[in-house]
Amino acid sequence: MEALSSPSLPASRPSARRRRRHILPGFHLTLGFTLFYLTALVLLPLLALVLKTIVPTTDYPTFFKLVGHVYDVATDVRSLDSYRLSFGISFIAALINGIFGFIAAWALTRYAFPGKKIIDALVDLPFAMPTSVAGLALTQIFSTHGGYIGQTLFNWFGWRIDYTAWGILIALTFIGFPFVVRTVQPVVADLAVEVEEAAACLGANRWQTFWRVIVPAVRPALLTGVMLAFGRGVGEYGSIVFISGNMPYLTEITPHLIIMKLEEFDYVGAAGLGVVMLLMSLLIVGTVNLVQYFASRRRMA
Amino acid sequence: MRRVTNDGWFARYSLLGIMFAFIGLFLVFPVCVVLIEALHAGWGFYLSTLQSIHSWTAIRLTLLVALAVVPLNTLFGICAAWSVTHFQFRGKAVLISLIEIPLWVSPVIGGLVFALIFGRQGWLGPWLETHQTQILFAYPGIVLATAFVTFPFVARGLIPLMQSQGSAEEEAALTLGANGWQLFWRVTFPKIKWGVLYGMILCNARAMGEFGAVSVVAGNIEDRTNTMPLQIEQDYLNFGLPQAFSLASLLLLLAVITLIIKVVLEWYRLAPNIVRANPGKTIL
């Protein structure tokens, strides 16, 4: 066997491996087009964004000589307020979705009820529904002037949802919901009922089983879903701009500030804010992958 | 019979109640509002708002953009899936991660990058100006930004599908003397056609509904560069709520049709549920 599988001549080795790797046709054509399209449409434009932030100036210390104006824009009060809104409210919305998304995923996998398949399909609606339609509808519901719910809330309690951070929270909750449900659902479906039975046999009540058995098993998926909802919320634009009113310092999210910078022809400032958002997305995706990595390693162990 | 692993009736009904309340308020109610607002003045009025010149040009532009973007991204998706699933090469994992970039950056960044390249102060701005070519605030810019945002949809569905199918049948066809085209059209394509359709409808829904990226590169020139989502915003800002809602109802119809096709394909297991095929990477 040894003699058969090992090549007789060392020189034939690379070509043999090469042939085996390329049994099917079209490798160069398809990979070439893939790389070309990816580079032209995504990588080069993103590189252009990063390079745009490098504007050498002399009146800044050391490193900031390179990116002086960008540093100014990125740490401006208006920008800082917009980060606080985009990141803070996305985070709260992601936590809300963590709770309700888990409940929905649990109910959709464990309970039987009429209309289950329709509800299950409806969960994907925020994925399929254009963000501007969602924004328009939510505004019409929560507007203080003639909104289906907003008018009543304002008249009875004096609560305002549109033109406040509450509006942003509602839009982001709408957007993020399916991320949690769709990440948690398969994990709940795969939970071994036997483990819960074992817990019950050992004398645990349902509540203890939930906290000691179910939650630890679902936690990585739940964390992933929450992070994905958070990541999506940070970049969200369409569903928010209708309801939030985009008031600088108060209800202006970072993507809207980027568009404002572009309209003022401050391309470098816009690029700087874009890079800040890009880095944050990178951080979020990195965290998601870390969570996945540790979860899979624990499954292996 | 009650089992130890069943939740008690109180937990069951309260969880179901919470779920129905949440889904009702956040998902069903907005859909109903769009339909009520669009149709409450009757069919005649609804049709007349759709026939207004702004709505009509917006619908036309949206269709033209999707017509350019969906085939391009489909071709890319098939090529990417073919090269990634049938061959071993260095950097494959990196390539797969890079394909997903547009899913996790803000759509506004998808527009911003092209504004920075083709805008007046952008990298190519002066050159374009001397050559009298308009990319930003015109059809090519809208197509580029939309293509960026919808870039991974077909590829992400096809890669897990083709990975699960393996290369054995293609290799068999090769030994029987098929050439590359025959191999693809007679062996591979019949196996993946529903997966391609699945990716295409998701790509199409996002392409027609994209707002953030397009609003950066389109410049809101009414009757020229307004796609349907942008026209909705403009109508809303100009107090044209009936027009805004009638356009929104069309996009809603598109979303519902997309969901129905998606669910049907998933029920018959013709296409892998992207979510289940990519655990932990659910961004659509």
# chains A, B, ... in the order shown; residues from 1 in each chain; ligands from 1
$ select_by_dssp --residues "stretch 1-203 of chain A" --states "helix (DSSP H, G or I)" --output "number ranges by chain"
A: 2-5, 10-21, 27-52, 62-65, 68-74, 77-110, 116-122, 125-128, 131-142, 150-157, 165-190, 193-201
$ closest_atom_pairs --of "chain A" --to "chain B" --cutoff "6 Å" --atoms "only C-alpha atoms" --output "JSON lines"
{"residue": "A:Pro25", "atom": "CA", "partner": "B:Gly180", "partner_atom": "CA", "distance": 5.8}
{"residue": "A:Phe27", "atom": "CA", "partner": "B:Ser83", "partner_atom": "CA", "distance": 5.8}
{"residue": "A:Thr30", "atom": "CA", "partner": "B:Cys79", "partner_atom": "CA", "distance": 4.6}
{"residue": "A:Leu31", "atom": "CA", "partner": "B:Ser83", "partner_atom": "CA", "distance": 5.4}
{"residue": "A:Thr34", "atom": "CA", "partner": "B:Ala80", "partner_atom": "CA", "distance": 5.3}
{"residue": "A:Pro45", "atom": "CA", "partner": "B:Val113", "partner_atom": "CA", "distance": 5.3}
{"residue": "A:Leu49", "atom": "CA", "partner": "B:Val113", "partner_atom": "CA", "distance": 5.6}
{"residue": "A:Ala104", "atom": "CA", "partner": "B:Met19", "partner_atom": "CA", "distance": 5.4}
{"residue": "A:Ala128", "atom": "CA", "partner": "B:Ala255", "partner_atom": "CA", "distance": 5.0}
{"residue": "A:Met129", "atom": "CA", "partner": "B:Ala255", "partner_atom": "CA", "distance": 5.2}
{"residue": "A:Pro130", "atom": "CA", "partner": "B:Gly209", "partner_atom": "CA", "distance": 4.4}
{"residue": "A:Ser132", "atom": "CA", "partner": "B:Pro229", "partner_atom": "CA", "distance": 5.8}
{"residue": "A:Val133", "atom": "CA", "partner": "B:Ala248", "partner_atom": "CA", "distance": 5.4}
{"residue": "A:Ala137", "atom": "CA", "partner": "B:Pro30", "partner_atom": "CA", "distance": 5.2}
{"residue": "A:Phe174", "atom": "CA", "partner": "B:Phe26", "partner_atom": "CA", "distance": 5.9}
{"residue": "A:Gly235", "atom": "CA", "partner": "B:Ser106", "partner_atom": "CA", "distance": 3.9}
{"residue": "A:Tyr237", "atom": "CA", "partner": "B:Gly212", "partner_atom": "CA", "distance": 5.8}
{"residue": "A:Gly238", "atom": "CA", "partner": "B:Gly212", "partner_atom": "CA", "distance": 5.7}
$ closest_residue --among "B:Gly195, B:Thr85, B:Thr175, B:Ser97" --to "B:Gln163" --atoms "only C-alpha atoms"
B:Thr85
$ closest_residue --among "B:Ile135, B:Val196, B:Ala172, B:Val187" --to "B:Ile159" --atoms "only C-alpha atoms"
B:Val196
$ closest_residue --among "A:Ile259, A:Ile103, A:Val241, A:Ile118" --to "B:Val264" --atoms "only C-alpha atoms"
A:Ile118
$ closest_residue --among "A:Val226, A:Leu191, A:Val50, A:Ile168" --to "A:Asn246" --atoms "only C-alpha atoms"
A:Ile168
$ residues_around --residues "A:Ser244" --least-positions-apart "2" --cutoff "10 Å" --atoms "only C-alpha atoms" --output "list in words"
Gly135, Thr139, Ile161, Asp162, Tyr163, Thr164, Ala165, Trp166, Gly167, Ile168, Leu169, Ala171, Ser239, Ile240, Val241, Phe242, Asn246, Met247, Leu250, Thr251, Glu252 and Ile253 of chain A
$ write_last_selection --atoms "N, CA, C and O atoms" --output "PDB file, in the first residue's frame"
ATOM      1  N   GLY A 135     -40.410  52.066   8.581  1.00  0.00           N
ATOM      2  CA  GLY A 135     -40.310  53.370   9.221  1.00  0.00           C
ATOM      3  C   GLY A 135     -41.587  54.177   9.058  1.00  0.00           C
ATOM      4  O   GLY A 135     -42.086  54.786  10.013  1.00  0.00           O
ATOM      5  N   THR A 139     -44.053  55.182  12.111  1.00  0.00           N
ATOM      6  CA  THR A 139     -44.318  56.595  12.349  1.00  0.00           C
ATOM      7  C   THR A 139     -45.815  56.850  12.402  1.00  0.00           C
ATOM      8  O   THR A 139     -46.306  57.591  13.256  1.00  0.00           O
ATOM      9  N   ILE A 161     -43.467  59.605  21.603  1.00  0.00           N
ATOM     10  CA  ILE A 161     -42.610  58.537  21.073  1.00  0.00           C
ATOM     11  C   ILE A 161     -41.858  59.021  19.844  1.00  0.00           C
ATOM     12  O   ILE A 161     -40.655  58.806  19.713  1.00  0.00           O
ATOM     13  N   ASP A 162     -42.580  59.697  18.935  1.00  0.00           N
ATOM     14  CA  ASP A 162     -41.870  60.229  17.768  1.00  0.00           C
ATOM     15  C   ASP A 162     -41.005  61.409  18.209  1.00  0.00           C
ATOM     16  O   ASP A 162     -41.282  62.082  19.204  1.00  0.00           O
ATOM     17  N   TYR A 163     -39.942  61.649  17.505  1.00  0.00           N
ATOM     18  CA  TYR A 163     -38.975  62.712  17.809  1.00  0.00           C
ATOM     19  C   TYR A 163     -38.306  62.531  19.168  1.00  0.00           C
ATOM     20  O   TYR A 163     -37.812  63.481  19.755  1.00  0.00           O
ATOM     21  N   THR A 164     -38.321  61.313  19.703  1.00  0.00           N
ATOM     22  CA  THR A 164     -37.564  61.034  20.921  1.00  0.00           C
ATOM     23  C   THR A 164     -36.800  59.726  20.724  1.00  0.00           C
ATOM     24  O   THR A 164     -36.991  59.023  19.727  1.00  0.00           O
ATOM     25  N   ALA A 165     -35.957  59.414  21.701  1.00  0.00           N
ATOM     26  CA  ALA A 165     -35.200  58.167  21.623  1.00  0.00           C
ATOM     27  C   ALA A 165     -36.121  56.946  21.686  1.00  0.00           C
ATOM     28  O   ALA A 165     -35.764  55.875  21.202  1.00  0.00           O
ATOM     29  N   TRP A 166     -37.329  57.115  22.247  1.00  0.00           N
ATOM     30  CA  TRP A 166     -38.268  55.982  22.314  1.00  0.00           C
ATOM     31  C   TRP A 166     -38.607  55.487  20.916  1.00  0.00           C
ATOM     32  O   TRP A 166     -38.756  54.286  20.693  1.00  0.00           O
ATOM     33  N   GLY A 167     -38.757  56.436  19.998  1.00  0.00           N
ATOM     34  CA  GLY A 167     -39.079  56.056  18.619  1.00  0.00           C
ATOM     35  C   GLY A 167     -37.979  55.205  18.021  1.00  0.00           C
ATOM     36  O   GLY A 167     -38.237  54.197  17.350  1.00  0.00           O
ATOM     37  N   ILE A 168     -36.710  55.624  18.277  1.00  0.00           N
ATOM     38  CA  ILE A 168     -35.574  54.855  17.763  1.00  0.00           C
ATOM     39  C   ILE A 168     -35.591  53.451  18.369  1.00  0.00           C
ATOM     40  O   ILE A 168     -35.370  52.457  17.678  1.00  0.00           O
ATOM     41  N   LEU A 169     -35.905  53.393  19.673  1.00  0.00           N
ATOM     42  CA  LEU A 169     -35.928  52.096  20.353  1.00  0.00           C
ATOM     43  C   LEU A 169     -36.961  51.174  19.715  1.00  0.00           C
ATOM     44  O   LEU A 169     -36.697  49.990  19.479  1.00  0.00           O
ATOM     45  N   ALA A 171     -38.196  51.309  16.616  1.00  0.00           N
ATOM     46  CA  ALA A 171     -37.772  50.897  15.277  1.00  0.00           C
ATOM     47  C   ALA A 171     -36.706  49.804  15.364  1.00  0.00           C
ATOM     48  O   ALA A 171     -36.751  48.821  14.624  1.00  0.00           O
ATOM     49  N   SER A 239     -35.442  52.627   8.856  1.00  0.00           N
ATOM     50  CA  SER A 239     -36.637  52.584   9.684  1.00  0.00           C
ATOM     51  C   SER A 239     -36.601  53.647  10.775  1.00  0.00           C
ATOM     52  O   SER A 239     -37.623  53.938  11.381  1.00  0.00           O
ATOM     53  N   ILE A 240     -35.431  54.235  11.022  1.00  0.00           N
ATOM     54  CA  ILE A 240     -35.312  55.187  12.128  1.00  0.00           C
ATOM     55  C   ILE A 240     -35.597  56.619  11.704  1.00  0.00           C
ATOM     56  O   ILE A 240     -36.237  57.374  12.423  1.00  0.00           O
ATOM     57  N   VAL A 241     -35.119  56.991  10.500  1.00  0.00           N
ATOM     58  CA  VAL A 241     -35.127  58.416  10.166  1.00  0.00           C
ATOM     59  C   VAL A 241     -36.528  59.007  10.106  1.00  0.00           C
ATOM     60  O   VAL A 241     -36.710  60.200  10.323  1.00  0.00           O
ATOM     61  N   PHE A 242     -37.544  58.171   9.826  1.00  0.00           N
ATOM     62  CA  PHE A 242     -38.900  58.708   9.765  1.00  0.00           C
ATOM     63  C   PHE A 242     -39.388  59.095  11.161  1.00  0.00           C
ATOM     64  O   PHE A 242     -39.988  60.126  11.356  1.00  0.00           O
ATOM     65  N   ASN A 246     -34.464  63.151  13.575  1.00  0.00           N
ATOM     66  CA  ASN A 246     -33.064  63.485  13.289  1.00  0.00           C
ATOM     67  C   ASN A 246     -32.627  64.842  13.833  1.00  0.00           C
ATOM     68  O   ASN A 246     -32.032  65.643  13.131  1.00  0.00           O
ATOM     69  N   MET A 247     -32.930  65.111  15.092  1.00  0.00           N
ATOM     70  CA  MET A 247     -32.498  66.381  15.678  1.00  0.00           C
ATOM     71  C   MET A 247     -31.072  66.226  16.208  1.00  0.00           C
ATOM     72  O   MET A 247     -30.813  65.332  17.029  1.00  0.00           O
ATOM     73  N   LEU A 250     -29.859  65.200  19.857  1.00  0.00           N
ATOM     74  CA  LEU A 250     -30.960  64.573  20.588  1.00  0.00           C
ATOM     75  C   LEU A 250     -31.389  63.236  19.990  1.00  0.00           C
ATOM     76  O   LEU A 250     -31.429  62.227  20.676  1.00  0.00           O
ATOM     77  N   THR A 251     -31.747  63.261  18.706  1.00  0.00           N
ATOM     78  CA  THR A 251     -32.237  62.015  18.104  1.00  0.00           C
ATOM     79  C   THR A 251     -31.537  61.722  16.785  1.00  0.00           C
ATOM     80  O   THR A 251     -32.092  61.085  15.907  1.00  0.00           O
ATOM     81  N   GLU A 252     -30.303  62.190  16.645  1.00  0.00           N
ATOM     82  CA  GLU A 252     -29.600  61.948  15.389  1.00  0.00           C
ATOM     83  C   GLU A 252     -28.665  60.750  15.539  1.00  0.00           C
ATOM     84  O   GLU A 252     -27.760  60.761  16.371  1.00  0.00           O
ATOM     85  N   ILE A 253     -28.895  59.719  14.703  1.00  0.00           N
ATOM     86  CA  ILE A 253     -28.048  58.530  14.748  1.00  0.00           C
ATOM     87  C   ILE A 253     -26.832  58.736  13.844  1.00  0.00           C
ATOM     88  O   ILE A 253     -26.839  59.593  12.962  1.00  0.00           O
TER      89      ILE A 253
END
